[in-house]
Structure formats: C-alpha cells, structure tokens
file run06.txt (compact mmCIF, C-alpha atoms)
# COMPACT_ATOMS: atom_id res chain seq x y z
CA MET A 1 -1.71 -47.20 18.51
CA LYS A 2 -1.96 -45.19 21.72
CA ASN A 3 -1.35 -41.91 19.85
CA LEU A 4 -3.94 -42.86 17.23
CA PHE A 5 -6.54 -43.62 19.91
CA ARG A 6 -5.74 -40.30 21.59
CA ARG A 7 -6.33 -38.38 18.36
CA LEU A 8 -9.74 -40.02 17.95
CA LEU A 9 -10.86 -38.68 21.31
CA PRO A 10 -12.61 -35.28 21.56
CA ARG A 11 -10.13 -32.55 22.55
CA SER A 12 -11.93 -32.08 25.86
CA MET A 13 -11.00 -35.69 26.80
CA ARG A 14 -7.31 -35.57 25.86
CA GLY A 15 -6.04 -34.30 29.17
CA GLY A 16 -3.74 -31.29 29.45
CA GLU A 17 -3.20 -30.65 25.73
CA ILE A 18 -3.44 -26.96 24.84
CA VAL A 19 -4.68 -25.96 21.41
CA ILE A 20 -3.92 -22.51 20.00
CA PRO A 21 -5.98 -21.66 16.88
CA VAL A 22 -3.98 -19.79 14.24
CA ILE A 23 -5.38 -17.48 11.57
CA ARG A 24 -3.29 -16.30 8.61
CA LEU A 25 -4.33 -12.92 7.19
CA GLN A 26 -2.34 -12.24 4.06
CA GLY A 27 -2.86 -9.84 1.18
CA ALA A 28 -4.04 -6.36 0.36
CA ILE A 29 -7.17 -5.20 2.16
CA MET A 30 -10.06 -4.54 -0.19
CA SER A 31 -13.51 -5.84 -0.94
CA GLY A 32 -13.91 -8.29 -3.80
CA GLY A 33 -11.08 -10.58 -4.80
CA SER A 34 -11.22 -14.17 -6.02
CA GLN A 35 -9.67 -17.56 -5.29
CA PHE A 36 -6.92 -16.68 -7.77
CA ARG A 37 -6.33 -13.22 -6.25
CA PRO A 38 -7.43 -13.42 -2.62
CA THR A 39 -7.74 -10.19 -0.69
CA LEU A 40 -8.61 -9.36 2.89
CA SER A 41 -12.06 -8.08 3.77
CA LEU A 42 -14.60 -8.76 6.49
CA ALA A 43 -16.47 -11.04 4.08
CA SER A 44 -13.40 -13.17 3.37
CA THR A 45 -12.13 -13.37 6.95
CA ALA A 46 -15.21 -13.40 9.21
CA GLY A 47 -15.69 -17.16 8.95
CA LEU A 48 -12.07 -17.90 9.85
CA ILE A 49 -12.10 -15.47 12.76
CA GLU A 50 -15.32 -16.86 14.23
CA LYS A 51 -14.12 -20.44 13.76
CA ALA A 52 -10.91 -19.68 15.65
CA PHE A 53 -12.70 -18.08 18.60
CA ALA A 54 -15.19 -20.96 18.73
CA ILE A 55 -12.51 -23.35 20.08
CA SER A 56 -13.67 -23.15 23.67
CA ASN A 57 -10.65 -24.58 25.50
CA ALA A 58 -8.08 -22.38 23.71
CA PRO A 59 -6.57 -19.73 26.02
CA ALA A 60 -5.66 -17.47 23.08
CA VAL A 61 -6.01 -16.93 19.36
CA ALA A 62 -2.85 -16.34 17.31
CA ILE A 63 -3.06 -14.20 14.18
CA SER A 64 -0.35 -14.02 11.54
CA ILE A 65 -0.49 -10.81 9.49
CA ASN A 66 1.23 -10.06 6.20
CA SER A 67 -0.49 -7.05 4.60
CA PRO A 68 0.59 -3.72 3.07
CA GLY A 69 -2.81 -2.20 3.85
CA GLY A 70 -5.67 -1.04 1.67
CA SER A 71 -9.25 -0.13 2.55
CA PRO A 72 -9.51 1.65 5.94
CA VAL A 73 -13.13 0.54 6.22
CA GLN A 74 -12.41 -3.17 5.73
CA SER A 75 -9.37 -2.88 8.03
CA ARG A 76 -11.47 -1.44 10.83
CA LEU A 77 -14.27 -3.98 10.29
CA ILE A 78 -11.78 -6.86 10.63
CA PHE A 79 -10.21 -5.20 13.68
CA LYS A 80 -13.62 -4.76 15.31
CA ARG A 81 -14.72 -8.35 14.64
CA ILE A 82 -11.54 -9.64 16.29
CA ARG A 83 -11.94 -7.40 19.34
CA ASP A 84 -15.66 -8.13 19.70
CA LEU A 85 -15.06 -11.89 19.72
CA ALA A 86 -12.05 -11.57 22.03
CA ALA A 87 -14.27 -9.78 24.58
CA GLU A 88 -17.20 -12.14 24.05
CA LYS A 89 -15.08 -15.32 24.40
CA ASN A 90 -12.67 -13.86 26.97
CA LYS A 91 -9.56 -14.83 24.99
CA LYS A 92 -6.21 -13.14 24.48
CA VAL A 93 -5.20 -12.22 20.94
CA LEU A 94 -1.55 -12.58 19.98
CA VAL A 95 -0.54 -11.02 16.65
CA PHE A 96 2.57 -12.00 14.72
CA VAL A 97 3.83 -9.78 11.89
CA GLU A 98 5.46 -11.53 8.93
CA ASP A 99 6.93 -9.36 6.13
CA VAL A 100 4.74 -6.34 6.69
CA ALA A 101 1.85 -4.99 8.75
CA ALA A 102 1.56 -1.45 7.46
CA SER A 103 -1.25 1.07 7.14
CA GLY A 104 -4.48 -1.01 7.23
CA GLY A 105 -2.37 -4.07 8.00
CA TYR A 106 -1.15 -2.36 11.16
CA MET A 107 -4.71 -1.29 11.98
CA ILE A 108 -5.63 -4.98 12.07
CA ALA A 109 -2.48 -5.79 14.06
CA ILE A 110 -3.48 -3.51 16.94
CA ALA A 111 -6.42 -5.84 17.55
CA GLY A 112 -3.80 -7.96 19.33
CA ASP A 113 -3.29 -7.75 23.07
CA GLU A 114 0.36 -8.26 22.18
CA ILE A 115 2.14 -7.74 18.86
CA PHE A 116 5.27 -9.66 17.87
CA ALA A 117 7.43 -9.01 14.83
CA ASP A 118 10.59 -10.21 13.16
CA PRO A 119 13.47 -7.70 13.44
CA SER A 120 13.21 -7.21 9.66
CA SER A 121 9.41 -6.94 9.50
CA ILE A 122 7.94 -3.64 8.33
CA VAL A 123 5.42 -1.93 10.62
CA GLY A 124 3.69 1.43 10.87
CA SER A 125 2.68 3.64 7.95
CA ILE A 126 -0.04 5.21 10.09
CA GLY A 127 -1.53 7.49 7.49
CA VAL A 128 -4.03 7.72 4.63
CA VAL A 129 -3.26 7.81 0.92
CA SER A 130 -5.35 8.21 -2.22
CA ALA A 131 -3.95 7.74 -5.70
CA SER A 132 -5.30 8.32 -9.17
CA PHE A 133 -4.29 9.25 -12.71
CA GLY A 134 -5.04 12.23 -14.94
CA PHE A 135 -5.85 11.49 -18.58
CA THR A 136 -6.78 14.96 -19.86
CA ASP A 137 -3.77 15.31 -22.19
CA LEU A 138 -4.11 11.74 -23.42
CA ILE A 139 -7.71 12.06 -24.56
CA LYS A 140 -6.84 15.28 -26.38
CA LYS A 141 -4.08 13.52 -28.30
CA ILE A 142 -6.30 10.67 -29.41
CA GLY A 143 -9.21 12.97 -30.29
CA VAL A 144 -11.66 11.91 -27.59
CA GLU A 145 -14.18 14.31 -26.11
CA ARG A 146 -15.24 13.74 -22.52
CA ARG A 147 -18.97 14.31 -21.88
CA VAL A 148 -20.30 14.20 -18.32
CA TYR A 149 -23.88 15.01 -17.26
CA THR A 150 -24.68 15.22 -13.57
CA ALA A 151 -27.48 16.11 -11.19
CA GLY A 152 -25.51 17.65 -8.36
CA ALA A 153 -22.66 20.14 -8.68
CA ASN A 154 -20.07 17.86 -7.09
CA LYS A 155 -21.13 14.52 -8.60
CA ALA A 156 -18.11 14.37 -10.96
CA THR A 157 -15.53 15.31 -8.33
CA LEU A 158 -11.97 14.20 -9.21
CA ASP A 159 -12.95 12.79 -12.60
CA PRO A 160 -9.59 11.60 -14.03
CA PHE A 161 -10.65 12.65 -17.55
CA GLN A 162 -11.25 16.27 -16.54
CA PRO A 163 -8.79 18.92 -15.30
CA GLU A 164 -8.12 18.76 -11.58
CA LYS A 165 -9.90 21.39 -9.49
CA PRO A 166 -8.20 22.83 -6.36
CA GLU A 167 -11.49 22.75 -4.43
CA ASP A 168 -11.90 19.03 -5.18
CA VAL A 169 -8.40 18.31 -3.91
CA GLU A 170 -9.05 20.34 -0.76
CA ARG A 171 -12.25 18.40 -0.11
CA LEU A 172 -10.40 15.09 -0.53
CA LYS A 173 -7.68 16.18 1.89
CA LYS A 174 -10.27 17.04 4.54
CA LEU A 175 -11.77 13.59 4.12
CA GLN A 176 -8.34 12.00 4.45
CA LEU A 177 -7.67 13.94 7.66
CA GLU A 178 -10.88 12.62 9.21
CA VAL A 179 -9.93 9.02 8.34
CA HIS A 180 -6.38 9.64 9.60
CA GLU A 181 -7.71 10.94 12.94
CA THR A 182 -9.78 7.78 13.37
CA PHE A 183 -6.68 5.66 12.71
CA ILE A 184 -4.57 7.68 15.16
CA ASP A 185 -7.23 7.41 17.88
CA MET A 186 -7.36 3.62 17.43
CA VAL A 187 -3.58 3.29 17.75
CA LYS A 188 -3.41 5.54 20.80
CA GLU A 189 -6.20 3.60 22.50
CA ARG A 190 -4.83 0.13 21.77
CA ARG A 191 -1.16 1.02 22.42
CA ARG A 192 -1.83 3.23 25.42
CA GLY A 193 1.20 3.55 27.66
CA LYS A 194 3.44 1.81 25.12
CA LEU A 195 4.01 4.39 22.38
CA LYS A 196 7.09 6.59 22.49
CA ASP A 197 6.72 10.34 22.04
CA ASP A 198 8.06 10.57 18.50
CA PRO A 199 6.97 13.35 16.10
CA ASP A 200 7.11 10.99 13.11
CA LEU A 201 4.88 8.32 14.60
CA PHE A 202 1.68 9.34 12.80
CA THR A 203 3.18 10.86 9.64
CA GLY A 204 2.85 7.74 7.50
CA LEU A 205 6.47 6.64 7.95
CA PHE A 206 7.20 2.94 8.44
CA TRP A 207 9.97 1.15 10.26
CA SER A 208 11.62 -2.22 10.77
CA GLY A 209 10.31 -4.50 13.50
CA LYS A 210 13.40 -3.69 15.55
CA LYS A 211 12.75 0.06 15.40
CA GLY A 212 9.03 -0.58 15.86
CA LEU A 213 9.85 -2.20 19.19
CA GLU A 214 11.71 0.95 20.28
CA LEU A 215 8.76 3.11 19.25
CA GLY A 216 6.22 0.91 21.03
CA LEU A 217 4.46 -0.20 17.85
CA VAL A 218 5.19 -3.84 18.76
CA ASP A 219 5.69 -5.56 22.12
CA ALA A 220 8.50 -7.98 21.33
CA LEU A 221 10.54 -9.61 18.60
CA GLY A 222 9.92 -13.28 17.91
CA ASP A 223 8.26 -15.90 15.71
CA MET A 224 4.93 -17.53 16.36
CA ARG A 225 6.01 -21.10 17.09
CA THR A 226 8.76 -20.12 19.52
CA VAL A 227 6.62 -17.60 21.41
CA LEU A 228 3.60 -19.91 21.73
CA LYS A 229 5.65 -22.95 22.76
CA ASP A 230 7.51 -20.88 25.36
CA ARG A 231 4.28 -19.46 26.73
CA TYR A 232 1.97 -22.49 26.64
CA GLY A 233 4.39 -25.39 26.80
CA ALA A 234 6.23 -27.62 24.34
CA LYS A 235 3.14 -29.79 23.84
CA ALA A 236 0.93 -26.90 22.82
CA GLU A 237 -0.66 -27.59 19.44
CA LEU A 238 -0.86 -24.80 16.86
CA LYS A 239 -4.03 -25.43 14.84
CA LEU A 240 -4.25 -23.56 11.54
CA ILE A 241 -7.81 -22.44 10.83
CA THR A 242 -8.70 -22.74 7.15
CA ALA A 243 -11.79 -22.13 5.03
CA PRO A 244 -13.88 -25.21 4.16
CA ARG A 245 -13.29 -26.80 0.76
CA GLY A 246 -15.91 -27.11 -1.94
CA LEU A 247 -16.78 -30.07 -4.17
CA PHE A 248 -13.62 -29.77 -6.28
CA GLY A 249 -11.28 -28.96 -3.43
CA ARG A 250 -11.51 -25.18 -3.83
CA ARG A 251 -11.63 -22.97 -0.74
CA LEU A 252 -15.02 -21.49 0.01
CA GLY A 253 -15.63 -18.05 1.44
CA LEU A 254 -12.55 -16.51 -0.16
CA GLY A 255 -14.15 -14.82 -3.16
CA SER A 256 -15.59 -16.40 -6.28
CA SER A 257 -14.55 -17.21 -9.83
CA ALA A 258 -16.05 -18.54 -13.03
CA LEU A 259 -14.99 -21.75 -14.78
CA GLY A 260 -16.07 -20.33 -18.13
CA LEU A 261 -15.32 -16.84 -19.44
CA THR A 262 -18.86 -15.41 -19.47
CA PRO A 263 -19.37 -11.71 -20.22
CA GLU A 264 -19.60 -11.09 -16.49
CA ALA A 265 -16.36 -13.01 -15.95
CA ALA A 266 -14.65 -11.06 -18.75
CA GLY A 267 -15.63 -7.83 -17.02
CA ALA A 268 -14.35 -9.21 -13.74
CA VAL A 269 -11.02 -10.03 -15.40
CA ALA A 270 -10.66 -6.45 -16.62
CA THR A 271 -11.52 -5.11 -13.17
CA GLY A 272 -9.18 -7.65 -11.64
CA LEU A 273 -6.27 -6.38 -13.71
CA VAL A 274 -6.77 -2.88 -12.35
CA ASP A 275 -7.14 -4.20 -8.80
CA ALA A 276 -4.02 -6.34 -9.25
CA ALA A 277 -2.04 -3.29 -10.35
CA GLU A 278 -3.29 -1.39 -7.30
CA GLU A 279 -2.38 -4.30 -5.04
CA ARG A 280 1.09 -4.55 -6.62
CA ALA A 281 1.61 -0.85 -5.93
CA LEU A 282 0.71 -1.35 -2.26
CA TRP A 283 3.32 -4.09 -1.84
CA SER A 284 6.01 -2.25 -3.82
CA ARG A 285 5.89 0.72 -1.45
CA PHE A 286 7.65 -1.51 1.05
CA GLY A 287 10.13 -3.07 -1.36
CA LEU A 288 8.17 -6.34 -1.56

call {"tool": "encode", "arguments": {"input": "run06.txt", "output": "structure tokens"}}
result
Amino acid sequence: MKNLFRRLLPRSMRGGEIVIPVIRLQGAIMSGGSQFRPTLSLASTAGLIEKAFAISNAPAVAISINSPGGSPVQSRLIFKRIRDLAAEKNKKVLVFVEDVAASGGYMIAIAGDEIFADPSSIVGSIGVVSASFGFTDLIKKIGVERRVYTAGANKATLDPFQPEKPEDVERLKKLQLEVHETFIDMVKERRRGKLKDDPDLFTGLFWSGKKGLELGLVDALGDMRTVLKDRYGAKAELKLITAPRGLFGRRLGLGSSALGLTPEAAGAVATGLVDAAEERALWSRFGL
C-alpha cells in the first residue's frame, strides 16, 4: 500500500528518487517510413527527444542507438536537436551503442557527452557512400528506348538508364567530399582530445566496440542499466520514453500507413519495397 501511494505522488514529492529518461533510436536513417517499417528522421524522433529533456529533475538523458546510418542530413538534424536541448536544459547526454552505431548512426552517437558500447558493438564508418544501378544494357535487351527532355544541361545527371558520364561521377565525388568533411569536423569537435592519431580513422572503416575504445571513438565499455545504476544509485529509475498511442493502440509520430490499399498506398508500397531493400543493404554491410 505504501509503494502504491508513493507511485501516485508527483515525482517532485517522492523524495530522493532519480529518474533517467531513456530514448531508443533504432533503424536506418531516412525520411519517410511507416509504422510497419519505422526509420529514423528528425520528424520521427523530435517528439521523443523533447519529451525526454522535458523531465526537469533528471540529471541526464540516456540514448540507446542501433543504426547502420543513412541520410547525413537527417543524422545531423537529430544530432543538433539533441545538443540544442542538452544545452538549453543543462543536462548530460549518455549514449549507449547496441549492435551498431555506424556512419550516420555514429554521427548521432557523438551527440553524447559520453559514449558507451558493448565490446562486440560496431562503431565508426566515418565516410560517405552513394549507390545506384545502371540499366542501359537491360533496356536495350528488352527493346525499351529511354527519352529524357530537360531544361538545364545537368538536370539528368547520373540517370541510371543512360550511360555513365565521367564528369557526372567527378561532380558526385566532390559533393561526397564536402559532406565527408562536415562529418569529420563534427567528430573532431565532439571527440576532441579523445581520438587517437590513426590514419584509418576517417576512411570509412568500422571497428568493434573494444577497438573503438582504443581509438577514442567511445569512452567506455558497458551496458545502460549497469552504468546508470552505478552512476546514479541502485534506486535510479530508467524511464523509457515512447510515442503516444492512437485510438487503436498504434504509435503516433512514427510515420503513417493506410488501412485500405488506395492508389496512394499502393504507390507507397512500391516505394517502400525499394526503401526496404536499401535499408537491408545498410544493415548487411555490418553482417547484421
């Protein structure tokens, strides 16, 4: 009865109990997604992040990350929202890597004041990649003629149904270098004084959590519950922050879906299949 009465009290009246809000960020990083194929983007995570930082008496926010990367723009937007709220609310951010925090996943991870990983976690992959397909031989075999009309000489750059042009590839590589430099600058700033002088650090290679500790990509090895209980006491409560549920128990703010297969939904399914293949490729790079 005493414990029940205590739970009914506002947290501010419960005495010395410490609450640590926990956010789980899992999935490939890209805009869009649905409740059946959730992805990470600022739109899908902003509500959770703001809700976690709104717990006024929490000394820190814990973030669990399990992501192979994806959009550099969405990764940086999520990173920036975390850092902005950490400064505004004056709270520490503790990041815990699960299976993988690579590429854009690692970009989000460096939002943490401290990064923890399992010895077998995968971290790093500080680089930029673009992938596509070329279908020029295929459309010749099936007797299809590609017709493209543009206003602007470079409007059809890297069209997968036309032969690849060296100048288009060179332009793409320059763009990738600019994005890569932004990523490198972010890592150097956030991990200042911690990174080892290793020539492979920014080449896109990835490592285990154990090796990541040696390289300064993470601060320590450990799991969330153990670290938080050791730091804030055995009675510290880990509160998982979740999205609100809708009328039928579905999570809100994590994408959208249709109950009936309308033409728009059918198009979304087709797009979703391509996105799912891309997401699968991101995970498979790390053997997951």

call {"tool": "atom_distance", "arguments": {"input": "run06.txt", "atom1": "atom CA of A:Lys89", "atom2": "atom CA of A:Gly32"}}
result
29.1 Å

call {"tool": "closest_residue", "arguments": {"input": "run06.txt", "among": "A:Arg231, A:Arg81, A:Arg76, A:Lys194", "to": "A:Gly47", "atoms": "only C-alpha atoms"}}
result
A:Arg81

call {"tool": "closest_residue", "arguments": {"input": "run06.txt", "among": "A:Thr45, A:Asn90, A:Thr136, A:Ser75", "to": "A:Ala111", "atoms": "only C-alpha atoms"}}
result
A:Ser75

call {"tool": "atom_distance", "arguments": {"input": "run06.txt", "atom1": "atom CA of A:Gly222", "atom2": "atom CA of A:Ala117"}}
result
5.8 Å

call {"tool": "residues_around", "arguments": {"input": "run06.txt", "residues": "A:Ile241", "least_positions_apart": "2", "cutoff": "10 Å", "atoms": "only C-alpha atoms", "output": "list in words"}}
result
Ile20, Pro21, Val22, Ile23, Arg24, Gly47, Leu48, Ile49, Glu50, Lys51, Ala52, Leu238, Lys239, Ala243 and Pro244 of chain A

call {"tool": "atom_distance", "arguments": {"input": "run06.txt", "atom1": "atom CA of A:Ala109", "atom2": "atom CA of A:Ile63"}}
result
8.4 Å

call {"tool": "residues_around", "arguments": {"input": "run06.txt", "residues": "stretch 98-101 of chain A", "least_positions_apart": "3", "cutoff": "8 Å", "atoms": "all atoms listed in the file", "output": "list in words"}}
result
Ser64, Ile65, Asn66, Ser67, Pro68, Gly69, Gly104, Gly105, Tyr106, Ala109, Ala117, Asp118, Ser120, Ser121, Ile122, Val123, Gly124 and Phe286 of chain A

call {"tool": "closest_residue", "arguments": {"input": "run06.txt", "among": "A:Gln74, A:Lys91, A:Met186, A:Ser41", "to": "A:Ala58", "atoms": "only C-alpha atoms"}}
result
A:Lys91

call {"tool": "closest_atom_pairs", "arguments": {"input": "run06.txt", "of": "stretch 186-238 of chain A", "to": "stretch 112-116 of chain A", "cutoff": "6 Å", "atoms": "all atoms listed in the file", "output": "tab-separated table"}}
result
residue	atom	partner	partner_atom	distance
A:Val218	CA	A:Ile115	CA	5.0
A:Asp219	CA	A:Ile115	CA	5.3
A:Ala220	CA	A:Phe116	CA	5.0
A:Leu221	CA	A:Phe116	CA	5.3
A:Gly222	CA	A:Phe116	CA	5.9

call {"tool": "residues_near_point", "arguments": {"input": "run06.txt", "point": "(0.4, 16.6, 14.6)", "cutoff": "12 Å", "atoms": "only C-alpha atoms", "output": "list of chain:residue names"}}
result
A:Gly127, A:Leu177, A:His180, A:Glu181, A:Ile184, A:Asp197, A:Asp198, A:Pro199, A:Asp200, A:Leu201, A:Phe202, A:Thr203, A:Gly204
